[in-house]
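For reference, protein.txt (compact mmCIF, C-alpha atoms):
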# COMPACT_ATOMS: atom_id res chain seq x y z
CA TYR T 3 -29.90 73.40 74.28
CA ALA T 4 -31.68 76.62 73.37
CA GLY T 5 -29.16 79.44 73.15
CA ARG T 6 -26.23 77.05 72.85
CA THR T 7 -23.84 76.91 69.91
CA VAL T 8 -23.19 73.52 68.35
CA VAL T 9 -20.39 72.83 65.85
CA ILE T 10 -21.31 70.13 63.35
CA LYS T 11 -18.73 68.43 61.16
CA TYR T 12 -20.35 67.41 57.89
CA GLY T 13 -18.22 64.80 56.13
CA GLY T 14 -17.54 64.39 52.45
CA HIS T 15 -18.95 60.86 52.35
CA ALA T 16 -22.24 62.01 53.92
CA MET T 17 -22.62 64.69 51.23
CA SER T 18 -22.61 62.16 48.42
CA ASP T 19 -26.30 61.35 48.83
CA ALA T 20 -28.61 64.15 47.58
CA SER T 21 -31.46 63.00 49.82
CA ALA T 22 -29.21 62.99 52.90
CA ALA T 23 -27.86 66.45 51.94
CA LEU T 24 -31.40 67.82 51.82
CA CYS T 25 -32.16 66.28 55.23
CA PHE T 26 -28.95 67.77 56.62
CA ALA T 27 -29.95 71.27 55.45
CA GLN T 28 -33.45 70.86 56.90
CA ASP T 29 -31.95 69.66 60.21
CA MET T 30 -29.76 72.78 60.41
CA VAL T 31 -32.83 74.97 59.92
CA LEU T 32 -34.76 72.96 62.53
CA LEU T 33 -31.94 73.35 65.06
CA GLN T 34 -31.90 77.08 64.45
CA ARG T 35 -35.68 77.35 64.88
CA LEU T 36 -35.38 75.47 68.18
CA GLY T 37 -32.97 78.12 69.40
CA VAL T 38 -29.71 76.23 68.82
CA ASN T 39 -26.92 78.05 66.95
CA PRO T 40 -25.44 75.58 64.44
CA VAL T 41 -22.01 76.15 62.93
CA VAL T 42 -21.12 73.78 60.09
CA VAL T 43 -17.57 72.74 59.23
CA HIS T 44 -17.49 70.50 56.19
CA GLY T 45 -15.05 68.14 54.61
CA GLY T 46 -14.86 66.97 51.04
CA GLY T 47 -12.09 64.40 50.77
CA PRO T 48 -13.89 62.16 48.25
CA GLN T 49 -14.84 65.15 46.10
CA ILE T 50 -11.24 66.44 46.15
CA GLY T 51 -10.01 62.96 45.24
CA ASN T 52 -12.45 62.78 42.32
CA MET T 53 -11.33 66.16 40.97
CA LEU T 54 -7.64 65.28 41.34
CA GLU T 55 -8.30 62.09 39.40
CA ARG T 56 -10.18 64.00 36.66
CA LEU T 57 -7.20 66.36 36.39
CA SER T 58 -4.68 63.47 36.45
CA ILE T 59 -2.99 64.84 39.58
CA PRO T 60 -1.56 62.00 41.69
CA SER T 61 -2.57 61.84 45.34
CA SER T 62 -1.11 60.05 48.36
CA PHE T 63 -1.87 59.83 52.08
CA ILE T 64 0.19 59.49 55.25
CA ASP T 65 -1.72 58.42 58.37
CA GLY T 66 -5.00 59.47 56.77
CA LEU T 67 -3.80 62.94 55.75
CA ARG T 68 -3.46 63.86 52.10
CA VAL T 69 0.05 64.90 51.04
CA THR T 70 -0.70 68.26 49.48
CA ASP T 71 1.53 69.94 46.91
CA ALA T 72 0.79 73.33 45.31
CA ALA T 73 -1.49 71.86 42.61
CA THR T 74 -3.39 69.75 45.14
CA VAL T 75 -4.04 72.62 47.56
CA GLU T 76 -5.31 74.70 44.63
CA VAL T 77 -7.77 71.92 43.72
CA ALA T 78 -8.75 71.47 47.38
CA GLU T 79 -9.53 75.17 47.72
CA MET T 80 -11.52 75.15 44.48
CA VAL T 81 -13.59 72.11 45.46
CA LEU T 82 -14.12 72.96 49.13
CA CYS T 83 -14.67 76.72 48.83
CA GLY T 84 -16.08 77.09 45.34
CA SER T 85 -18.30 74.06 45.05
CA ILE T 86 -19.16 72.18 48.23
CA ASN T 87 -19.31 75.20 50.54
CA LYS T 88 -21.71 77.12 48.34
CA GLN T 89 -23.90 74.03 47.76
CA ILE T 90 -24.33 73.53 51.51
CA ALA T 91 -25.09 77.20 52.19
CA ALA T 92 -27.58 77.29 49.30
CA ALA T 93 -29.29 74.10 50.54
CA VAL T 94 -29.75 75.60 54.02
CA THR T 95 -31.18 78.77 52.48
CA LYS T 96 -33.50 76.72 50.25
CA ALA T 97 -34.68 74.83 53.35
CA GLY T 98 -35.75 78.14 54.90
CA GLY T 99 -32.67 79.15 56.88
CA HIS T 100 -30.00 81.75 56.48
CA ALA T 101 -26.47 80.50 55.84
CA LEU T 102 -23.22 82.04 54.71
CA GLY T 103 -20.46 79.99 53.10
CA LEU T 104 -17.00 80.90 54.32
CA SER T 105 -13.52 79.55 54.07
CA GLY T 106 -10.98 79.77 56.85
CA ARG T 107 -9.20 82.41 54.75
CA ASP T 108 -12.13 84.84 54.89
CA ASP T 109 -11.36 87.62 57.39
CA SER T 110 -8.62 85.35 58.85
CA LEU T 111 -11.32 83.04 60.19
CA ILE T 112 -8.82 80.18 60.62
CA LEU T 113 -5.08 80.73 60.84
CA ALA T 114 -2.91 77.63 60.72
CA GLU T 115 0.68 76.54 60.96
CA LYS T 116 2.26 74.08 58.59
CA LEU T 117 1.85 70.53 59.90
CA ILE T 118 4.89 68.28 60.11
CA LYS T 119 3.81 64.72 60.89
CA GLN T 120 5.74 62.20 63.00
CA VAL T 121 5.59 58.76 61.39
CA GLN T 122 7.07 55.54 62.68
CA ASN T 123 9.40 53.91 60.15
CA ASP T 124 10.12 50.19 59.66
CA LYS T 125 12.79 50.28 62.36
CA GLY T 126 10.36 51.69 64.94
CA GLU T 127 11.98 55.12 64.84
CA LEU T 128 10.07 58.34 64.38
CA ASP T 129 10.62 60.27 61.17
CA LEU T 130 9.39 63.79 60.47
CA VAL T 131 7.35 63.98 57.29
CA ASP T 132 6.45 67.20 55.48
CA LEU T 133 2.86 66.89 54.23
CA GLY T 134 3.18 69.95 52.00
CA PHE T 135 0.44 72.57 52.22
CA VAL T 136 -1.32 70.95 55.19
CA GLY T 137 -1.93 72.96 58.31
CA HIS T 138 -3.00 72.71 61.93
CA PRO T 139 -5.24 75.53 63.27
CA VAL T 140 -3.64 77.92 65.74
CA ASN T 141 -6.30 80.65 65.82
CA VAL T 142 -10.01 80.96 65.02
CA ASN T 143 -11.74 84.34 64.68
CA ALA T 144 -14.61 83.60 67.06
CA ASN T 145 -15.81 87.23 66.91
CA LEU T 146 -16.70 86.80 63.23
CA LEU T 147 -18.69 83.65 63.98
CA HIS T 148 -20.49 85.24 66.96
CA SER T 149 -21.39 88.20 64.77
CA LEU T 150 -23.00 85.91 62.19
CA LEU T 151 -24.78 83.82 64.82
CA ASN T 152 -26.15 86.98 66.46
CA GLN T 153 -27.75 87.78 63.08
CA SER T 154 -29.29 84.26 62.87
CA ILE T 155 -26.91 83.29 60.08
CA ILE T 156 -25.53 79.75 60.03
CA PRO T 157 -21.79 79.82 59.23
CA VAL T 158 -20.76 77.07 56.80
CA ILE T 159 -16.98 76.75 56.92
CA ALA T 160 -14.61 75.17 54.40
CA PRO T 161 -11.40 73.97 56.13
CA ILE T 162 -8.99 76.01 54.05
CA ALA T 163 -6.82 78.35 56.12
CA SER T 164 -4.16 81.01 55.77
CA ASN T 165 -0.70 80.27 57.09
CA SER T 166 -0.29 82.29 60.29
CA LEU T 167 3.34 83.07 59.37
CA ASN T 168 2.65 83.83 55.69
CA PRO T 169 -1.01 84.87 55.16
CA ASP T 170 -0.68 84.59 51.36
CA GLN T 171 0.02 80.86 51.67
CA VAL T 172 -3.01 78.55 51.59
CA LEU T 173 -3.08 75.52 53.88
CA SER T 174 -5.55 72.65 53.80
CA VAL T 175 -6.78 71.61 57.25
CA ASN T 176 -8.38 68.29 58.13
CA ALA T 177 -12.10 69.03 58.61
CA ASP T 178 -12.30 67.14 61.91
CA THR T 179 -9.36 69.16 63.25
CA ALA T 180 -10.87 72.41 61.96
CA ALA T 181 -14.24 71.61 63.59
CA GLY T 182 -12.50 70.94 66.90
CA ALA T 183 -10.62 74.24 66.72
CA VAL T 184 -13.83 76.14 65.88
CA ALA T 185 -15.66 74.46 68.78
CA ALA T 186 -12.83 75.29 71.19
CA ALA T 187 -12.77 78.92 70.06
CA LEU T 188 -16.53 79.29 70.49
CA GLY T 189 -16.34 77.82 73.99
Kindly present the structure from the file in structure tokens form.
Amino acid sequence: YAGRTVVIKYGGHAMSDASAALCFAQDMVLLQRLGVNPVVVHGGGPQIGNMLERLSIPSSFIDGLRVTDAATVEVAEMVLCGSINKQIAAAVTKAGGHALGLSGRDDSLILAEKLIKQVQNDKGELDLVDLGFVGHPVNVNANLLHSLLNQSIIPVIAPIASNSLNPDQVLSVNADTAAGAVAAALG
């Protein structure tokens, strides 16, 4: 796998254990030293949920996706980009690697469209449900990621994107979906 790029989705539940987080950072450095180019896309659902609870902001889910109003997306961006992202990048650096924490909003790394979910109602019919500030990736700036990888820098990406139709609007993207879009863009 030397010379290959590997996208790794690092889930919020896995980050809860400090020992496992240290091992994760060391593994990213080991992969890099073996010639693999790791790209990390992280989640943070439990951490967002904890912060919403601390701030007394109610939270609900539809088919595993958080319904995200303006207050919730602000908290999600704060937790994912300001806390978790920087902790992961710092842990990789402490383990001897070089990492840069990014959000999908940085240099239009991830552009997304608002996600409208189809949900089956009690009658078996499909209803369209607006999840709020939740997006689905439509473009990933692979050139930015290749530039970092060519400098032996591990990109650590928070799944917060800009709306492709309104770049000032923040959209939260499911981390699994974001990781898939990043992997597809990198080939």
Exercise. Which of these residues is nearest to T:His100, using all atoms listed in the file: T:Val158, T:Ile59, T:Ala4, T:Val75?
Worked result: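 Between T:Val158, T:Ile59, T:Ala4, T:Val75, the residue approaching T:His100 most closely is T:Val158.
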Problem set entry | Neighbour list for T:Val175 as a PyMOL selection string, cut-off 8 Å, all atoms listed in the file, skip fewer than 6 positions in-chain | chain T and resi 114+136-139+161-163
Problem set entry | Distance in Å - atom CA of T:Ala185 versus atom CA of T:Gly51 |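 Going from atom CA of T:Ala185 over to atom CA of T:Gly51, I get 26.8 Å.
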Write out, as CSV, each residue of stretch 58-155 of chain T that has an atom at most 12 Å from stretch 15-21 of chain T, together with the closest pair of atoms and their distance in Å to one decimal, counting only C-alpha atoms, rows going by chain and rising number.
residue,atom,partner,partner_atom,distance
T:Ile86,CA,T:Met17,CA,8.8
T:Asn87,CA,T:Met17,CA,11.0
T:Gln89,CA,T:Met17,CA,10.0
T:Ile90,CA,T:Met17,CA,9.0
T:Ala93,CA,T:Ala20,CA,10.4
Problem set entry | Selected residue of minimal separation from T:Gly99 among T:Val31, T:Val69, T:Ile159, T:Ala78, counting all atoms listed in the file |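 Residue with the minimum atom-to-atom distance to T:Gly99: T:Val31.
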For this session: Please indicate the distance in Å from atom CA of T:Gly66 to atom CA of T:Ala144, rounded to one decimal place.
Result: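 Going from atom CA of T:Gly66 over to atom CA of T:Ala144, I get 27.9 Å.
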Exercise. Which of these residues is nearest to T:Ile112, using all atoms listed in the file: T:Thr179, T:Ser61, T:Asn39, T:Asn52?
Worked result: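 Residue with the minimum atom-to-atom distance to T:Ile112: T:Thr179.
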Exercise. Can you tell me how far atom CA of T:Cys25 sits from atom CA of T:Leu151, in Å to one decimal?
Worked result: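 Separating atom CA of T:Cys25 from atom CA of T:Leu151 is a distance of 21.3 Å.
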Problem set entry | Top pick for closest residue to T:Leu147, considering T:Ala91, T:Leu82, T:Val184, T:Pro60 and counting all atoms listed in the file | T:Val184
For this session: Do a neighbour search on T:Ser62 at 12 Å with all atoms listed in the file, toss out local chain neighbours closer than 3 positions, and write the hits as an MDAnalysis selection string.
Result: chainID T and resid 51 54:55 59 65:71 74 133:134
For this session: Fewer than 5 positions away in the same chain doesn't count, so skip those; otherwise give me all residues within 12 Å of T:Ser166, counting all atoms listed in the file, as a list in words.
Result: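 Neighbouring residues, sequence-local ones excluded: Gly106, Arg107, Ser110, Leu111, Ile112, Leu113, Ala114, Glu115, Lys116, Leu117, Gly137, His138, Pro139, Val140, Asn141, Val142, Gln171, Val172 and Leu173 of chain T.
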Problem set entry | Distance query T:Arg56 at most 12 Å, only C-alpha atoms, self and fewer than 6 positions along chain excluded, as a list in words |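 The residues that qualify are Gln49, Ile50 and Val77 of chain T.
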Box dimensions and centre (Å, one decimal) enclosing stretch 75-87 of chain T, axis-aligned, 5 Å extra per side, as AutoDock Vina command-line options:
--center_x -11.7 --center_y 74.3 --center_z 47.1 --size_x 25.3 --size_y 15.6 --size_z 16.8
Problem set entry | Among listed residues T:Ala160, T:Ala183, T:Ala23, T:Pro48, nearest T:Glu79 (using all atoms listed in the file) |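 The shortest atom-to-atom distance to T:Glu79 comes from T:Ala160.
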